[in-house]
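Here's upload_13.json, which has JSON, N, CA and C atoms:
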[["chain", "number", "residue", "atom", "x", "y", "z"],
["A", 1, "MET", "N", 21.16, -76.99, -34.87],
["A", 1, "MET", "CA", 21.79, -75.98, -34.03],
["A", 1, "MET", "C", 21.41, -74.60, -34.56],
["A", 2, "PRO", "N", 20.99, -73.67, -33.69],
["A", 2, "PRO", "CA", 20.65, -72.32, -34.14],
["A", 2, "PRO", "C", 21.86, -71.58, -34.70],
["A", 3, "LYS", "N", 21.60, -70.77, -35.70],
["A", 3, "LYS", "CA", 22.67, -69.94, -36.26],
["A", 3, "LYS", "C", 22.98, -68.78, -35.32],
["A", 4, "GLY", "N", 24.11, -68.14, -35.55],
["A", 4, "GLY", "CA", 24.51, -66.97, -34.79],
["A", 4, "GLY", "C", 24.63, -65.78, -35.70],
["A", 5, "TYR", "N", 24.46, -64.61, -35.14],
["A", 5, "TYR", "CA", 24.46, -63.38, -35.93],
["A", 5, "TYR", "C", 25.26, -62.30, -35.23],
["A", 6, "ILE", "N", 26.00, -61.54, -36.02],
["A", 6, "ILE", "CA", 26.56, -60.28, -35.56],
["A", 6, "ILE", "C", 25.68, -59.21, -36.18],
["A", 7, "ILE", "N", 25.12, -58.36, -35.34],
["A", 7, "ILE", "CA", 24.25, -57.28, -35.80],
["A", 7, "ILE", "C", 24.93, -55.97, -35.43],
["A", 8, "GLY", "N", 25.07, -55.10, -36.41],
["A", 8, "GLY", "CA", 25.69, -53.80, -36.17],
["A", 8, "GLY", "C", 24.75, -52.68, -36.54],
["A", 9, "HIS", "N", 24.69, -51.68, -35.70],
["A", 9, "HIS", "CA", 23.97, -50.44, -35.97],
["A", 9, "HIS", "C", 25.02, -49.34, -35.94],
["A", 10, "ILE", "N", 25.14, -48.63, -37.04],
["A", 10, "ILE", "CA", 26.31, -47.77, -37.25],
["A", 10, "ILE", "C", 25.91, -46.42, -37.83],
["A", 11, "THR", "N", 26.54, -45.37, -37.33],
["A", 11, "THR", "CA", 26.48, -44.06, -37.95],
["A", 11, "THR", "C", 27.91, -43.64, -38.25],
["A", 12, "VAL", "N", 28.22, -43.50, -39.51],
["A", 12, "VAL", "CA", 29.57, -43.15, -39.94],
["A", 12, "VAL", "C", 29.84, -41.68, -39.59],
["A", 13, "THR", "N", 30.98, -41.44, -38.96],
["A", 13, "THR", "CA", 31.38, -40.08, -38.60],
["A", 13, "THR", "C", 32.56, -39.58, -39.42],
["A", 14, "ASN", "N", 33.26, -40.50, -40.10],
["A", 14, "ASN", "CA", 34.38, -40.14, -40.96],
["A", 14, "ASN", "C", 34.23, -40.94, -42.26],
["A", 15, "ALA", "N", 33.56, -40.33, -43.23],
["A", 15, "ALA", "CA", 33.24, -41.01, -44.49],
["A", 15, "ALA", "C", 34.48, -41.35, -45.32],
["A", 16, "GLU", "N", 35.59, -40.70, -45.06],
["A", 16, "GLU", "CA", 36.81, -41.00, -45.80],
["A", 16, "GLU", "C", 37.51, -42.25, -45.26],
["A", 17, "ALA", "N", 37.44, -42.47, -43.95],
["A", 17, "ALA", "CA", 38.14, -43.60, -43.34],
["A", 17, "ALA", "C", 37.32, -44.88, -43.30],
["A", 18, "TYR", "N", 35.99, -44.76, -43.20],
["A", 18, "TYR", "CA", 35.15, -45.93, -43.00],
["A", 18, "TYR", "C", 35.24, -46.98, -44.12],
["A", 19, "PRO", "N", 35.34, -46.60, -45.40],
["A", 19, "PRO", "CA", 35.43, -47.61, -46.46],
["A", 19, "PRO", "C", 36.60, -48.58, -46.29],
["A", 20, "GLU", "N", 37.67, -48.15, -45.66],
["A", 20, "GLU", "CA", 38.81, -49.04, -45.40],
["A", 20, "GLU", "C", 38.39, -50.16, -44.45],
["A", 21, "TYR", "N", 37.56, -49.84, -43.46],
["A", 21, "TYR", "CA", 37.03, -50.87, -42.56],
["A", 21, "TYR", "C", 36.21, -51.89, -43.36],
["A", 22, "VAL", "N", 35.32, -51.43, -44.20],
["A", 22, "VAL", "CA", 34.47, -52.32, -45.00],
["A", 22, "VAL", "C", 35.33, -53.20, -45.90],
["A", 23, "ARG", "N", 36.33, -52.60, -46.53],
["A", 23, "ARG", "CA", 37.20, -53.35, -47.44],
["A", 23, "ARG", "C", 37.95, -54.46, -46.71],
["A", 24, "ARG", "N", 38.38, -54.18, -45.50],
["A", 24, "ARG", "CA", 39.22, -55.14, -44.77],
["A", 24, "ARG", "C", 38.42, -56.12, -43.91],
["A", 25, "ASP", "N", 37.26, -55.72, -43.40],
["A", 25, "ASP", "CA", 36.53, -56.65, -42.52],
["A", 25, "ASP", "C", 35.83, -57.74, -43.30],
["A", 26, "THR", "N", 35.41, -57.46, -44.52],
["A", 26, "THR", "CA", 34.63, -58.43, -45.30],
["A", 26, "THR", "C", 35.36, -59.76, -45.49],
["A", 27, "PRO", "N", 36.58, -59.78, -46.01],
["A", 27, "PRO", "CA", 37.23, -61.07, -46.20],
["A", 27, "PRO", "C", 37.52, -61.79, -44.88],
["A", 28, "ILE", "N", 37.81, -61.05, -43.83],
["A", 28, "ILE", "CA", 38.08, -61.68, -42.53],
["A", 28, "ILE", "C", 36.83, -62.40, -42.04],
["A", 29, "LEU", "N", 35.70, -61.70, -42.02],
["A", 29, "LEU", "CA", 34.48, -62.30, -41.50],
["A", 29, "LEU", "C", 33.97, -63.40, -42.41],
["A", 30, "ASN", "N", 34.11, -63.25, -43.72],
["A", 30, "ASN", "CA", 33.74, -64.33, -44.64],
["A", 30, "ASN", "C", 34.58, -65.58, -44.39],
["A", 31, "ASN", "N", 35.88, -65.41, -44.19],
["A", 31, "ASN", "CA", 36.77, -66.54, -43.93],
["A", 31, "ASN", "C", 36.48, -67.22, -42.60],
["A", 32, "LEU", "N", 35.84, -66.50, -41.68],
["A", 32, "LEU", "CA", 35.48, -67.06, -40.38],
["A", 32, "LEU", "C", 34.08, -67.67, -40.40],
["A", 33, "GLY", "N", 33.49, -67.80, -41.59],
["A", 33, "GLY", "CA", 32.19, -68.45, -41.73],
["A", 33, "GLY", "C", 31.02, -67.51, -41.83],
["A", 34, "GLY", "N", 31.26, -66.20, -41.86],
["A", 34, "GLY", "CA", 30.17, -65.23, -41.91],
["A", 34, "GLY", "C", 29.67, -64.98, -43.31],
["A", 35, "GLN", "N", 28.37, -64.72, -43.39],
["A", 35, "GLN", "CA", 27.74, -64.34, -44.65],
["A", 35, "GLN", "C", 26.95, -63.06, -44.39],
["A", 36, "PHE", "N", 27.26, -62.01, -45.13],
["A", 36, "PHE", "CA", 26.55, -60.75, -44.95],
["A", 36, "PHE", "C", 25.13, -60.90, -45.51],
["A", 37, "ILE", "N", 24.15, -60.69, -44.64],
["A", 37, "ILE", "CA", 22.74, -60.76, -45.01],
["A", 37, "ILE", "C", 22.20, -59.36, -45.29],
["A", 38, "ILE", "N", 22.59, -58.41, -44.46],
["A", 38, "ILE", "CA", 22.22, -57.01, -44.62],
["A", 38, "ILE", "C", 23.49, -56.19, -44.43],
["A", 39, "ARG", "N", 23.71, -55.25, -45.32],
["A", 39, "ARG", "CA", 24.87, -54.36, -45.17],
["A", 39, "ARG", "C", 24.51, -53.01, -45.76],
["A", 40, "GLY", "N", 24.10, -52.10, -44.88],
["A", 40, "GLY", "CA", 23.67, -50.79, -45.37],
["A", 40, "GLY", "C", 22.33, -50.93, -46.05],
["A", 41, "GLY", "N", 22.18, -50.34, -47.18],
["A", 41, "GLY", "CA", 20.93, -50.44, -47.92],
["A", 41, "GLY", "C", 19.86, -49.52, -47.35],
["A", 42, "GLN", "N", 18.79, -49.44, -48.07],
["A", 42, "GLN", "CA", 17.69, -48.57, -47.70],
["A", 42, "GLN", "C", 17.03, -49.06, -46.41],
["A", 43, "SER", "N", 16.70, -48.14, -45.53],
["A", 43, "SER", "CA", 15.97, -48.48, -44.31],
["A", 43, "SER", "C", 15.14, -47.28, -43.89],
["A", 44, "GLN", "N", 14.16, -47.54, -43.06],
["A", 44, "GLN", "CA", 13.31, -46.47, -42.55],
["A", 44, "GLN", "C", 12.97, -46.79, -41.11],
["A", 45, "VAL", "N", 13.23, -45.85, -40.23],
["A", 45, "VAL", "CA", 12.86, -46.01, -38.82],
["A", 45, "VAL", "C", 11.36, -45.75, -38.72],
["A", 46, "VAL", "N", 10.62, -46.77, -38.28],
["A", 46, "VAL", "CA", 9.18, -46.62, -38.17],
["A", 46, "VAL", "C", 8.74, -46.44, -36.71],
["A", 47, "GLU", "N", 9.63, -46.73, -35.76],
["A", 47, "GLU", "CA", 9.38, -46.47, -34.34],
["A", 47, "GLU", "C", 10.71, -46.22, -33.66],
["A", 48, "GLY", "N", 10.76, -45.28, -32.76],
["A", 48, "GLY", "CA", 11.96, -45.03, -31.98],
["A", 48, "GLY", "C", 13.05, -44.33, -32.76],
["A", 49, "GLU", "N", 14.28, -44.48, -32.27],
["A", 49, "GLU", "CA", 15.46, -43.86, -32.88],
["A", 49, "GLU", "C", 16.45, -44.95, -33.26],
["A", 50, "ALA", "N", 17.25, -44.71, -34.28],
["A", 50, "ALA", "CA", 18.21, -45.70, -34.73],
["A", 50, "ALA", "C", 19.43, -45.03, -35.33],
["A", 51, "PHE", "N", 20.49, -45.82, -35.46],
["A", 51, "PHE", "CA", 21.66, -45.37, -36.18],
["A", 51, "PHE", "C", 21.32, -45.35, -37.67],
["A", 52, "GLU", "N", 22.23, -44.83, -38.50],
["A", 52, "GLU", "CA", 21.95, -44.66, -39.93],
["A", 52, "GLU", "C", 22.11, -45.93, -40.75],
["A", 53, "ARG", "N", 22.95, -46.83, -40.32],
["A", 53, "ARG", "CA", 23.34, -47.98, -41.14],
["A", 53, "ARG", "C", 23.16, -49.25, -40.32],
["A", 54, "HIS", "N", 22.75, -50.35, -40.98],
["A", 54, "HIS", "CA", 22.49, -51.61, -40.28],
["A", 54, "HIS", "C", 23.17, -52.75, -41.02],
["A", 55, "VAL", "N", 23.74, -53.67, -40.24],
["A", 55, "VAL", "CA", 24.47, -54.79, -40.81],
["A", 55, "VAL", "C", 24.07, -56.05, -40.05],
["A", 56, "VAL", "N", 23.80, -57.14, -40.79],
["A", 56, "VAL", "CA", 23.55, -58.44, -40.18],
["A", 56, "VAL", "C", 24.45, -59.44, -40.88],
["A", 57, "ILE", "N", 25.24, -60.16, -40.09],
["A", 57, "ILE", "CA", 26.15, -61.18, -40.61],
["A", 57, "ILE", "C", 25.76, -62.51, -39.98],
["A", 58, "GLU", "N", 25.46, -63.50, -40.80],
["A", 58, "GLU", "CA", 25.03, -64.81, -40.32],
["A", 58, "GLU", "C", 26.21, -65.77, -40.23],
["A", 59, "PHE", "N", 26.23, -66.55, -39.14],
["A", 59, "PHE", "CA", 27.26, -67.57, -38.92],
["A", 59, "PHE", "C", 26.58, -68.91, -38.65],
["A", 60, "PRO", "N", 27.27, -70.00, -38.84],
["A", 60, "PRO", "CA", 26.67, -71.32, -38.60],
["A", 60, "PRO", "C", 26.18, -71.52, -37.16],
["A", 61, "SER", "N", 26.78, -70.81, -36.20],
["A", 61, "SER", "CA", 26.37, -70.97, -34.80],
["A", 61, "SER", "C", 26.68, -69.68, -34.02],
["A", 62, "TYR", "N", 26.07, -69.59, -32.85],
["A", 62, "TYR", "CA", 26.34, -68.46, -31.95],
["A", 62, "TYR", "C", 27.82, -68.44, -31.56],
["A", 63, "ALA", "N", 28.37, -69.62, -31.24],
["A", 63, "ALA", "CA", 29.77, -69.71, -30.83],
["A", 63, "ALA", "C", 30.69, -69.20, -31.93],
["A", 64, "GLU", "N", 30.37, -69.51, -33.19],
["A", 64, "GLU", "CA", 31.21, -69.04, -34.30],
["A", 64, "GLU", "C", 31.07, -67.54, -34.52],
["A", 65, "ALA", "N", 29.87, -67.01, -34.30],
["A", 65, "ALA", "CA", 29.69, -65.55, -34.42],
["A", 65, "ALA", "C", 30.49, -64.83, -33.34],
["A", 66, "LEU", "N", 30.42, -65.34, -32.12],
["A", 66, "LEU", "CA", 31.16, -64.72, -31.01],
["A", 66, "LEU", "C", 32.66, -64.83, -31.23],
["A", 67, "ALA", "N", 33.10, -65.99, -31.71],
["A", 67, "ALA", "CA", 34.53, -66.19, -31.98],
["A", 67, "ALA", "C", 35.00, -65.25, -33.09],
["A", 68, "ALA", "N", 34.17, -65.04, -34.11],
["A", 68, "ALA", "CA", 34.54, -64.13, -35.20],
["A", 68, "ALA", "C", 34.69, -62.71, -34.69],
["A", 69, "TYR", "N", 33.74, -62.27, -33.85],
["A", 69, "TYR", "CA", 33.84, -60.93, -33.30],
["A", 69, "TYR", "C", 35.12, -60.77, -32.48],
["A", 70, "ASN", "N", 35.47, -61.79, -31.72],
["A", 70, "ASN", "CA", 36.65, -61.72, -30.84],
["A", 70, "ASN", "C", 37.96, -62.07, -31.54],
["A", 71, "ASP", "N", 37.90, -62.44, -32.80],
["A", 71, "ASP", "CA", 39.10, -62.81, -33.55],
["A", 71, "ASP", "C", 40.10, -61.64, -33.56],
["A", 72, "PRO", "N", 41.35, -61.90, -33.22],
["A", 72, "PRO", "CA", 42.34, -60.80, -33.15],
["A", 72, "PRO", "C", 42.50, -60.03, -34.46],
["A", 73, "GLU", "N", 42.45, -60.72, -35.59],
["A", 73, "GLU", "CA", 42.58, -60.03, -36.87],
["A", 73, "GLU", "C", 41.39, -59.10, -37.10],
["A", 74, "TYR", "N", 40.18, -59.58, -36.78],
["A", 74, "TYR", "CA", 39.01, -58.72, -36.91],
["A", 74, "TYR", "C", 39.08, -57.54, -35.94],
["A", 75, "GLN", "N", 39.47, -57.79, -34.71],
["A", 75, "GLN", "CA", 39.53, -56.72, -33.72],
["A", 75, "GLN", "C", 40.50, -55.62, -34.13],
["A", 76, "GLU", "N", 41.57, -55.99, -34.80],
["A", 76, "GLU", "CA", 42.51, -54.98, -35.30],
["A", 76, "GLU", "C", 41.83, -54.07, -36.31],
["A", 77, "VAL", "N", 41.07, -54.67, -37.22],
["A", 77, "VAL", "CA", 40.35, -53.90, -38.24],
["A", 77, "VAL", "C", 39.19, -53.12, -37.61],
["A", 78, "ALA", "N", 38.55, -53.69, -36.59],
["A", 78, "ALA", "CA", 37.43, -53.03, -35.93],
["A", 78, "ALA", "C", 37.84, -51.69, -35.34],
["A", 79, "ASP", "N", 39.12, -51.52, -35.04],
["A", 79, "ASP", "CA", 39.59, -50.23, -34.54],
["A", 79, "ASP", "C", 39.35, -49.12, -35.56],
["A", 80, "ILE", "N", 39.38, -49.46, -36.85],
["A", 80, "ILE", "CA", 39.08, -48.46, -37.89],
["A", 80, "ILE", "C", 37.62, -48.03, -37.74],
["A", 81, "ARG", "N", 36.72, -49.00, -37.55],
["A", 81, "ARG", "CA", 35.31, -48.66, -37.36],
["A", 81, "ARG", "C", 35.12, -47.80, -36.11],
["A", 82, "ARG", "N", 35.76, -48.20, -35.05],
["A", 82, "ARG", "CA", 35.60, -47.47, -33.78],
["A", 82, "ARG", "C", 36.05, -46.00, -33.90],
["A", 83, "SER", "N", 37.06, -45.76, -34.75],
["A", 83, "SER", "CA", 37.56, -44.39, -34.89],
["A", 83, "SER", "C", 36.84, -43.61, -35.99],
["A", 84, "SER", "N", 36.02, -44.27, -36.80],
["A", 84, "SER", "CA", 35.37, -43.58, -37.92],
["A", 84, "SER", "C", 33.84, -43.67, -37.88],
["A", 85, "ALA", "N", 33.29, -44.25, -36.79],
["A", 85, "ALA", "CA", 31.84, -44.39, -36.71],
["A", 85, "ALA", "C", 31.42, -44.58, -35.25],
["A", 86, "ASP", "N", 30.19, -44.22, -34.97],
["A", 86, "ASP", "CA", 29.54, -44.59, -33.72],
["A", 86, "ASP", "C", 28.81, -45.90, -34.01],
["A", 87, "SER", "N", 28.91, -46.86, -33.11],
["A", 87, "SER", "CA", 28.29, -48.14, -33.42],
["A", 87, "SER", "C", 27.86, -48.90, -32.17],
["A", 88, "VAL", "N", 26.88, -49.76, -32.36],
["A", 88, "VAL", "CA", 26.46, -50.75, -31.39],
["A", 88, "VAL", "C", 26.56, -52.08, -32.10],
["A", 89, "ILE", "N", 27.31, -53.01, -31.53],
["A", 89, "ILE", "CA", 27.50, -54.33, -32.12],
["A", 89, "ILE", "C", 26.94, -55.36, -31.16],
["A", 90, "ILE", "N", 26.12, -56.27, -31.66],
["A", 90, "ILE", "CA", 25.46, -57.27, -30.84],
["A", 90, "ILE", "C", 25.72, -58.64, -31.46],
["A", 91, "VAL", "N", 26.05, -59.62, -30.64],
["A", 91, "VAL", "CA", 26.14, -61.01, -31.10],
["A", 91, "VAL", "C", 24.93, -61.73, -30.50],
["A", 92, "VAL", "N", 24.15, -62.38, -31.35],
["A", 92, "VAL", "CA", 22.89, -62.98, -30.91],
["A", 92, "VAL", "C", 22.70, -64.37, -31.52],
["A", 93, "GLU", "N", 22.05, -65.23, -30.76],
["A", 93, "GLU", "CA", 21.72, -66.57, -31.25],
["A", 93, "GLU", "C", 20.36, -66.51, -31.94],
["A", 94, "GLY", "N", 20.26, -67.17, -33.09],
["A", 94, "GLY", "CA", 19.01, -67.23, -33.82],
["A", 94, "GLY", "C", 18.08, -68.29, -33.24],
["A", 95, "VAL", "N", 16.97, -68.50, -33.93],
["A", 95, "VAL", "CA", 16.00, -69.49, -33.46],
["A", 95, "VAL", "C", 16.14, -70.78, -34.26]]

Target format structure tokens, applied to this file:
Amino acid sequence: MPKGYIIGHITVTNAEAYPEYVRRDTPILNNLGGQFIIRGGQSQVVEGEAFERHVVIEFPSYAEALAAYNDPEYQEVADIRRSSADSVIIVVEGV
């Protein structure tokens, strides 16, 4: 079965509030089967335009990735991200 991924492209707009999102979302997503593959780190845009920060979280399946994103506990914490960053979040099935 193909794995599932939550991919986030993020530009932090409130550097004081955003760390609280990171602190709280990590255990929730880990407990839902997620493993952070990429979280921030060095990057370089070589074509086009992009947000400043990139995150990839791997799940055992697409269904589990989608369920994790829609999890009520995660959605409550995601409100911190929404108020402290501009972001695009994508749930995608791997190969």

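For stretch 72-77 of chain A, the non-local neighbours within 7 Å, defined as residues at least 2 positions apart in the same chain or in other chains and counting only N, CA and C atoms, are Tyr21, Arg24, Asp25, Ile28, Leu29, Ala68, Tyr69, Asn70, Asp79, Ile80, Arg81 and Arg82 of chain A.
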
* Dig up all the protein and nucleic acid residues within 5 Å of (23.8, -67.9, -33.9) in the file frame, using all atoms listed in the file, and format them as a VMD selection string. => chain A and resid 2 to 5 61 to 62 92 to 94

* Structure fact -> As a check of understanding: the span from atom CA of A:Asn30 to atom N of A:Val45 is 28.0 Å

* Asked: For A:Phe59, which residue among A:Ile10, A:Val46, A:Leu32, A:Ile89 is the nearest when counting all atoms listed in the file?
  -> A:Leu32

* Extract the full set of strand (DSSP E) residues from chain A according to DSSP on the backbone, and format it as a ChimeraX atom specification. => /A:4-12,35-39,53-59,85-93

* List every residue of stretch 4-95 of chain A that DSSP, applied to the backbone of this structure, places in alpha helix (DSSP H), and write the result as a PyMOL selection string. => chain A and resi 18-31+62-70+72-84

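Distance-wise, atom N of A:Glu58 and atom N of A:Ile6 end up 5.2 Å apart.
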
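Rounded to one decimal, atom N of A:Val22 and atom N of A:Val56 lie 13.3 Å from each other.
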